[in-house]
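Chemist: The structure is given below, and queries will be raised subsequently.
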Amino acid sequence: MNKTQAQARIVKLRDLINEYRYEYHVNNNSIMSESAADGLKHELAELEQQFPGLITPDSPTQRVAGAPLPQFTSVAHAVRMLSLNDVFDQDEVQAWVTRIKKLAPDAHLEYFADIKMDGLACSLVYEDGSLVRGVTRGNGTVGEDVTINVRTIESVPLRLRQSPQTAQFLHGRTEIRGEIVMYKKDFEALNKERKKQDLPLFANPRNLAAGTIRQLDPKLAASRPLHFRAWDMLRDDPAELPTNEFAYQTIDALGFLINRDAHVLPDVGAIMKFAKLWDKKRQKLPFNTDGLVIKVNDRRVYGFLGIVGKAPRGAVAYKYPAEQATTKVKDIFISIGRTGAATPVAVLEPVVVAGSTVQMATLHNEGEVQRKDVRVGDTVIVQKAGDIIPEVVESLKTLRTGHELQFVMPKKCPECGTQLIKLREDEAVWRCPNNACPARVHNLIQHYASKAALDIDGLGEKNVLALLDAKLVRDSADLYMLTKDQLLQLDRFAEISANKLITAIQAKKNPSLSHFIYGLGIRQVGAQTAVDLANHFGSLDALRTATIEQLQEVEGVGDVVAESIVAWFGSAEHQQLLAKFANAGVAPQKVMHTGGPLDGKSFVISGTLGIDREAAAEKIRALGGTFQTSVGKTTTYLVVGENPGQSKIDKAEKLGTAIIDEEKLVNLLEDHNV
């Protein structure tokens, strides 16, 4: 093959390899097998080795990592890479729009909204269509030249894609700005591998992406799965890009990966609707995000509005409620639960986390407090993700003043003075063994009356406390002995409210067996286990006389749960409680096995739903389905609401569990069509 023939072949090979790269890394579509593409790359490399004068900087063979650099050089941006001012709710979005309208009263305003990516901002400079430089944002005015690392990212075209729409942009200087991100699944895979090798785990995808690009050894950048996703374009003549929407369309046509869900929106109402939509859907995105970028669509107006400080007037970042926040620990106290568990709880200076104000957060147990070294007076990171209760993630030890107080686990129950114990040597939780402990009794009665158990209307926390303070009840069975006259003696009750509560209590004398079992508050027995026990044994008498071996025949009941159930029913105190229930006329309904349209189907809900979670769980069970609290091999559906837990989504994807939204769940429950 002579040089002329080789050149013609090389051009065709480069075009086909570039087409493969574009389809695979930008459109997520494979036009040939990976091995076939490797064969083409190998042929190209051999031809270029044979005719080195035909090698060009934008050849696919030049994407490989070179030798380590001694340092990065600084490069000034032709146009500053600005930061954005944040807005957090509709009022702040409206205030921003109002300011714009005052500055540009005659402009026809519409807005371009895009998903804000959590990555490393980077600028790619092309001259006559070929990549010449990649520069980090830096301080906005000057960044670092990371071209050698950027060239290793497959979603970065070394040469801009040619089409009738893009012809004019293949001449002169074209700057593409975007975000270098690492996808969540790739980040987790890297950490999983590091865990196997007993190496320190990476903190988050954003830091890892940024750290990788700023490594002096490009071989490291080449070894990690990074993606460049473009969000802006600059030309010397601004008139070539009249709107942000047009710029996006052009970026797409030039061969870059973009967020195809970006939209032009007419007003604040549409902006907030878009924001709400992506608040629900953002967990499904491959990358992390904390909000949206909203810009004035008309770039002429955008430029006219100018800059204030380091931020443009014509754009804002709409931030979703933070799932983590920092605050200070005012105190740590012990909370005694219905099973006697003594849980350290941090009292916090109020802080908004995931859209709600948090003033307390669990510290789980004594071991966790020591491991995280949380002290009174510490500044801490608090998180609340999906349906997870607030917890302290870590204390920021570098902010300590020396006046912080270490937590010491008390030896005795703060409520009744009973010595705290551990039921097993290997258990992390201290417990109050006193069944008559005021805190335990209060929580047990409240649990019995809760929506998930007996659902006794009007018996909330304050009314339960009032009944206990007046010594009208000592346990859940005493509720059925209450009279209207007794209630009328309390300040909280009048004629109507007293009648309502008595009626509500008496209406629950024949509860479903599963609700009654759950309401008893047996340690280790949750709502679904109560359903499984009820379905298996059919009656309270059969359950109370069951052996450990018989209990273990129930799916999900292992040694610990079985022993806990046997111990509960074997207690003389609990036998007396059951006798009191019987004397009061409480008779749980026996279970008749009739099956249902959801037989064999298991559901897990993650995040907040528009419908009541307990009501949904009840409906699922009533139709023969199973409601689970965590995703497992037997889970049929993961129902995802607002702010779901990412770990549940990841596990569902790994196990092949169907992931559905609230609308699909409602349809399943209404139609019984699975």
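Following the order of the structure tokens, first chain is A, next is B, and so on, with residues numbered from 1 inside each chain and ligands from 1 in the order they appear.
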Find the residues near Gln550 (chain A): any atom within 12 Å, counting only C-alpha atoms, skip ones fewer than 2 places away on the same chain, and give them as a PyMOL selection string.

Modeler: chain A and resi 533+536-537+542-548+552-555+557-559+562-563+565-566

Chemist: Quick one: residues within 10 Å of region 479-495 of chain A, only C-alpha atoms, excluding same-chain residues fewer than 5 positions away - as number ranges by chain?

Modeler: A: 445, 449, 459, 462-464, 466-467, 470, 472-474, 500-503, 505-509, 580-581, 583-586

Chemist: Go ahead and save the picked residues with N, CA and C atoms, as an mmCIF file, in the first residue's frame.

Modeler:
data_model
loop_
_atom_site.group_PDB
_atom_site.id
_atom_site.type_symbol
_atom_site.label_atom_id
_atom_site.label_comp_id
_atom_site.auth_asym_id
_atom_site.auth_seq_id
_atom_site.Cartn_x
_atom_site.Cartn_y
_atom_site.Cartn_z
ATOM 1 N N ILE A 445 -47.947 1.643 74.517
ATOM 2 C CA ILE A 445 -49.357 1.996 74.324
ATOM 3 C C ILE A 445 -49.530 2.825 73.061
ATOM 4 N N ALA A 449 -51.664 1.766 69.643
ATOM 5 C CA ALA A 449 -52.728 2.601 69.074
ATOM 6 C C ALA A 449 -52.355 3.193 67.715
ATOM 7 N N LEU A 459 -55.902 8.703 69.924
ATOM 8 C CA LEU A 459 -55.011 8.262 70.995
ATOM 9 C C LEU A 459 -53.558 8.556 70.612
ATOM 10 N N LYS A 462 -49.950 12.883 73.323
ATOM 11 C CA LYS A 462 -50.359 13.695 74.476
ATOM 12 C C LYS A 462 -51.482 13.046 75.271
ATOM 13 N N ASN A 463 -52.424 12.422 74.566
ATOM 14 C CA ASN A 463 -53.520 11.761 75.279
ATOM 15 C C ASN A 463 -53.026 10.538 76.038
ATOM 16 N N VAL A 464 -52.075 9.802 75.455
ATOM 17 C CA VAL A 464 -51.505 8.650 76.161
ATOM 18 C C VAL A 464 -50.800 9.122 77.429
ATOM 19 N N ALA A 466 -51.447 11.794 79.146
ATOM 20 C CA ALA A 466 -52.468 12.231 80.105
ATOM 21 C C ALA A 466 -53.082 11.040 80.835
ATOM 22 N N LEU A 467 -53.340 9.958 80.116
ATOM 23 C CA LEU A 467 -53.916 8.754 80.734
ATOM 24 C C LEU A 467 -52.942 8.121 81.715
ATOM 25 N N ALA A 470 -52.557 10.266 84.897
ATOM 26 C CA ALA A 470 -53.733 10.136 85.768
ATOM 27 C C ALA A 470 -53.882 8.727 86.324
ATOM 28 N N LEU A 472 -54.795 6.107 84.841
ATOM 29 C CA LEU A 472 -56.001 5.432 84.338
ATOM 30 C C LEU A 472 -55.649 4.181 83.549
ATOM 31 N N VAL A 473 -54.424 4.107 83.046
ATOM 32 C CA VAL A 473 -53.980 2.911 82.334
ATOM 33 C C VAL A 473 -52.558 2.563 82.757
ATOM 34 N N ARG A 474 -52.234 1.280 82.701
ATOM 35 C CA ARG A 474 -50.871 0.815 82.959
ATOM 36 C C ARG A 474 -50.326 0.021 81.784
ATOM 37 N N LYS A 500 -65.901 10.131 71.583
ATOM 38 C CA LYS A 500 -65.200 9.691 70.368
ATOM 39 C C LYS A 500 -64.091 8.696 70.695
ATOM 40 N N LEU A 501 -63.294 8.978 71.737
ATOM 41 C CA LEU A 501 -62.187 8.093 72.063
ATOM 42 C C LEU A 501 -62.697 6.738 72.560
ATOM 43 N N ILE A 502 -63.689 6.746 73.422
ATOM 44 C CA ILE A 502 -64.240 5.478 73.923
ATOM 45 C C ILE A 502 -64.785 4.647 72.757
ATOM 46 N N THR A 503 -65.487 5.298 71.853
ATOM 47 C CA THR A 503 -66.039 4.602 70.683
ATOM 48 C C THR A 503 -64.931 4.033 69.808
ATOM 49 N N ILE A 505 -61.897 3.169 70.707
ATOM 50 C CA ILE A 505 -61.239 2.040 71.377
ATOM 51 C C ILE A 505 -62.101 0.786 71.287
ATOM 52 N N GLN A 506 -63.382 0.919 71.590
ATOM 53 C CA GLN A 506 -64.275 -0.246 71.576
ATOM 54 C C GLN A 506 -64.431 -0.833 70.175
ATOM 55 N N ALA A 507 -64.257 0.006 69.163
ATOM 56 C CA ALA A 507 -64.370 -0.470 67.776
ATOM 57 C C ALA A 507 -63.215 -1.384 67.397
ATOM 58 N N LYS A 508 -62.180 -1.426 68.222
ATOM 59 C CA LYS A 508 -61.010 -2.245 67.917
ATOM 60 C C LYS A 508 -60.938 -3.486 68.807
ATOM 61 N N LYS A 509 -62.088 -4.004 69.201
ATOM 62 C CA LYS A 509 -62.101 -5.213 70.030
ATOM 63 C C LYS A 509 -61.899 -6.484 69.212
ATOM 64 N N LYS A 580 -55.860 -10.151 80.384
ATOM 65 C CA LYS A 580 -56.599 -8.893 80.531
ATOM 66 C C LYS A 580 -57.308 -8.524 79.229
ATOM 67 N N PHE A 581 -56.609 -8.707 78.098
ATOM 68 C CA PHE A 581 -57.241 -8.448 76.799
ATOM 69 C C PHE A 581 -58.488 -9.324 76.638
ATOM 70 N N ASN A 583 -60.337 -10.791 78.959
ATOM 71 C CA ASN A 583 -61.390 -10.397 79.905
ATOM 72 C C ASN A 583 -62.101 -9.121 79.455
ATOM 73 N N ALA A 584 -61.360 -8.260 78.695
ATOM 74 C CA ALA A 584 -61.965 -7.021 78.195
ATOM 75 C C ALA A 584 -62.762 -7.254 76.911
ATOM 76 N N GLY A 585 -62.772 -8.497 76.447
ATOM 77 C CA GLY A 585 -63.547 -8.821 75.250
ATOM 78 C C GLY A 585 -62.788 -8.642 73.946
ATOM 79 N N VAL A 586 -61.462 -8.501 74.046
ATOM 80 C CA VAL A 586 -60.653 -8.343 72.833
ATOM 81 C C VAL A 586 -60.375 -9.723 72.240
#

Chemist: Find the residues near Ala253 (chain A): any atom within 7 Å, counting only C-alpha atoms, skip ones fewer than 2 places away on the same chain, and give them as number ranges by chain.

Modeler: A: 161, 166, 249-251, 255

Chemist: Any idea what's packed within 12 Å of Val79 (chain A), counting only C-alpha atoms, ignoring anything in its chain fewer than 4 positions away? Could you give it as a PyMOL selection string?

Modeler: chain A and resi 75+123+125+137+140-143+175-177+233-236

Chemist: Leaving out Ala453 (chain A) and any residue of its chain fewer than 3 positions from it, which residues lie within 6 Å of it when counting only C-alpha atoms, given as a list in words?

Modeler: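 In the requested format, the answer is Tyr448, Ser450, His515, Tyr518 and Gly519 of chain A.
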
Chemist: Can you measure CA of Pro410 (chain A) to CA of Glu366 (chain A) for me? One decimal in Å is fine.

Modeler: 9.9 Å

Chemist: Do a neighbour search on Gly367 (chain A) at 9 Å with only C-alpha atoms, toss out local chain neighbours closer than 5 positions, and write the hits as a ChimeraX atom specification.

Modeler: /A:372,428-429

Chemist: Go ahead and write the residues just picked, C-alpha atoms, as an mmCIF file, in the first residue's frame.

Modeler:
data_model
loop_
_atom_site.group_PDB
_atom_site.id
_atom_site.type_symbol
_atom_site.label_atom_id
_atom_site.label_comp_id
_atom_site.auth_asym_id
_atom_site.auth_seq_id
_atom_site.Cartn_x
_atom_site.Cartn_y
_atom_site.Cartn_z
ATOM 1 C CA LYS A 372 -17.713 8.629 65.461
ATOM 2 C CA ALA A 428 -24.462 -3.327 70.699
ATOM 3 C CA VAL A 429 -27.644 -2.056 72.352
#

Chemist: Using only C-alpha atoms, can you tell me which of A:Pro344, A:Gly610, A:Gly625, A:Pro511 comes closest to Lys590 (chain A)?

Modeler: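 Checking each candidate against Lys590 (chain A), we get A:Pro511 as the closest.
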
Chemist: Between A:Ala534, A:Ala567, A:Ile336, A:Ile271, which has the minimum distance to Gln90 (chain A) (counting only C-alpha atoms)?

Modeler: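 Checking each candidate against Gln90 (chain A), we get A:Ile271 as the closest.
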
Chemist: Mind pulling up the distance from CA of Gly134 (chain A) to CA of Asn85 (chain A)?

Modeler: 25.4 Å

Chemist: Which of region 71-314 of chain A counts as alpha helix (DSSP H) under DSSP, as a ChimeraX atom specification please?

Modeler: /A:90-103,147-150,184-196,205-213,218-223,244-253,268-281,299-305

Chemist: So which residues touch Thr379 (chain A) within 10 Å, counting only C-alpha atoms, skipping near sequence neighbours fewer than 5 positions away, as number ranges by chain?

Modeler: A: 326-330, 348-349, 374, 394-400, 404

Chemist: Could you save those same residues with N, CA and C atoms as a tab-separated table (two decimals), in the first residue's frame?

Modeler:
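Output file selection.tsv is given in full below:
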chain	number	residue	atom	x	y	z
A	326	THR	N	-24.73	20.89	58.17
A	326	THR	CA	-23.91	20.96	59.38
A	326	THR	C	-24.65	21.75	60.46
A	327	THR	N	-24.47	21.33	61.68
A	327	THR	CA	-25.08	22.01	62.82
A	327	THR	C	-24.29	21.65	64.06
A	328	LYS	N	-24.72	22.14	65.22
A	328	LYS	CA	-23.99	21.86	66.46
A	328	LYS	C	-24.82	20.97	67.38
A	329	VAL	N	-24.11	20.14	68.14
A	329	VAL	CA	-24.75	19.26	69.12
A	329	VAL	C	-24.90	20.02	70.43
A	330	LYS	N	-26.15	20.25	70.84
A	330	LYS	CA	-26.42	20.98	72.09
A	330	LYS	C	-26.39	20.05	73.30
A	348	LEU	N	-29.92	18.92	68.53
A	348	LEU	CA	-29.18	19.77	67.60
A	348	LEU	C	-29.72	21.19	67.57
A	349	GLU	N	-28.87	22.11	67.19
A	349	GLU	CA	-29.37	23.41	66.80
A	349	GLU	C	-30.17	23.20	65.52
A	374	VAL	N	-18.53	11.54	68.78
A	374	VAL	CA	-19.44	12.70	68.81
A	374	VAL	C	-19.52	13.23	70.23
A	394	GLU	N	-20.85	12.43	60.97
A	394	GLU	CA	-19.53	12.56	61.57
A	394	GLU	C	-19.41	13.90	62.28
A	395	SER	N	-18.46	13.97	63.18
A	395	SER	CA	-18.16	15.24	63.84
A	395	SER	C	-16.96	15.87	63.15
A	396	LEU	N	-16.97	17.20	63.05
A	396	LEU	CA	-15.88	17.92	62.40
A	396	LEU	C	-14.88	18.32	63.49
A	397	LYS	N	-13.95	17.42	63.73
A	397	LYS	CA	-13.05	17.55	64.88
A	397	LYS	C	-12.13	18.77	64.79
A	398	THR	N	-11.83	19.19	63.58
A	398	THR	CA	-10.92	20.34	63.43
A	398	THR	C	-11.56	21.64	63.92
A	399	LEU	N	-12.87	21.64	64.12
A	399	LEU	CA	-13.56	22.84	64.58
A	399	LEU	C	-13.72	22.88	66.10
A	400	ARG	N	-13.16	21.91	66.79
A	400	ARG	CA	-13.30	21.85	68.24
A	400	ARG	C	-12.54	22.99	68.93
A	404	GLU	N	-15.64	20.88	74.39
A	404	GLU	CA	-16.64	19.86	74.10
A	404	GLU	C	-16.63	18.77	75.19
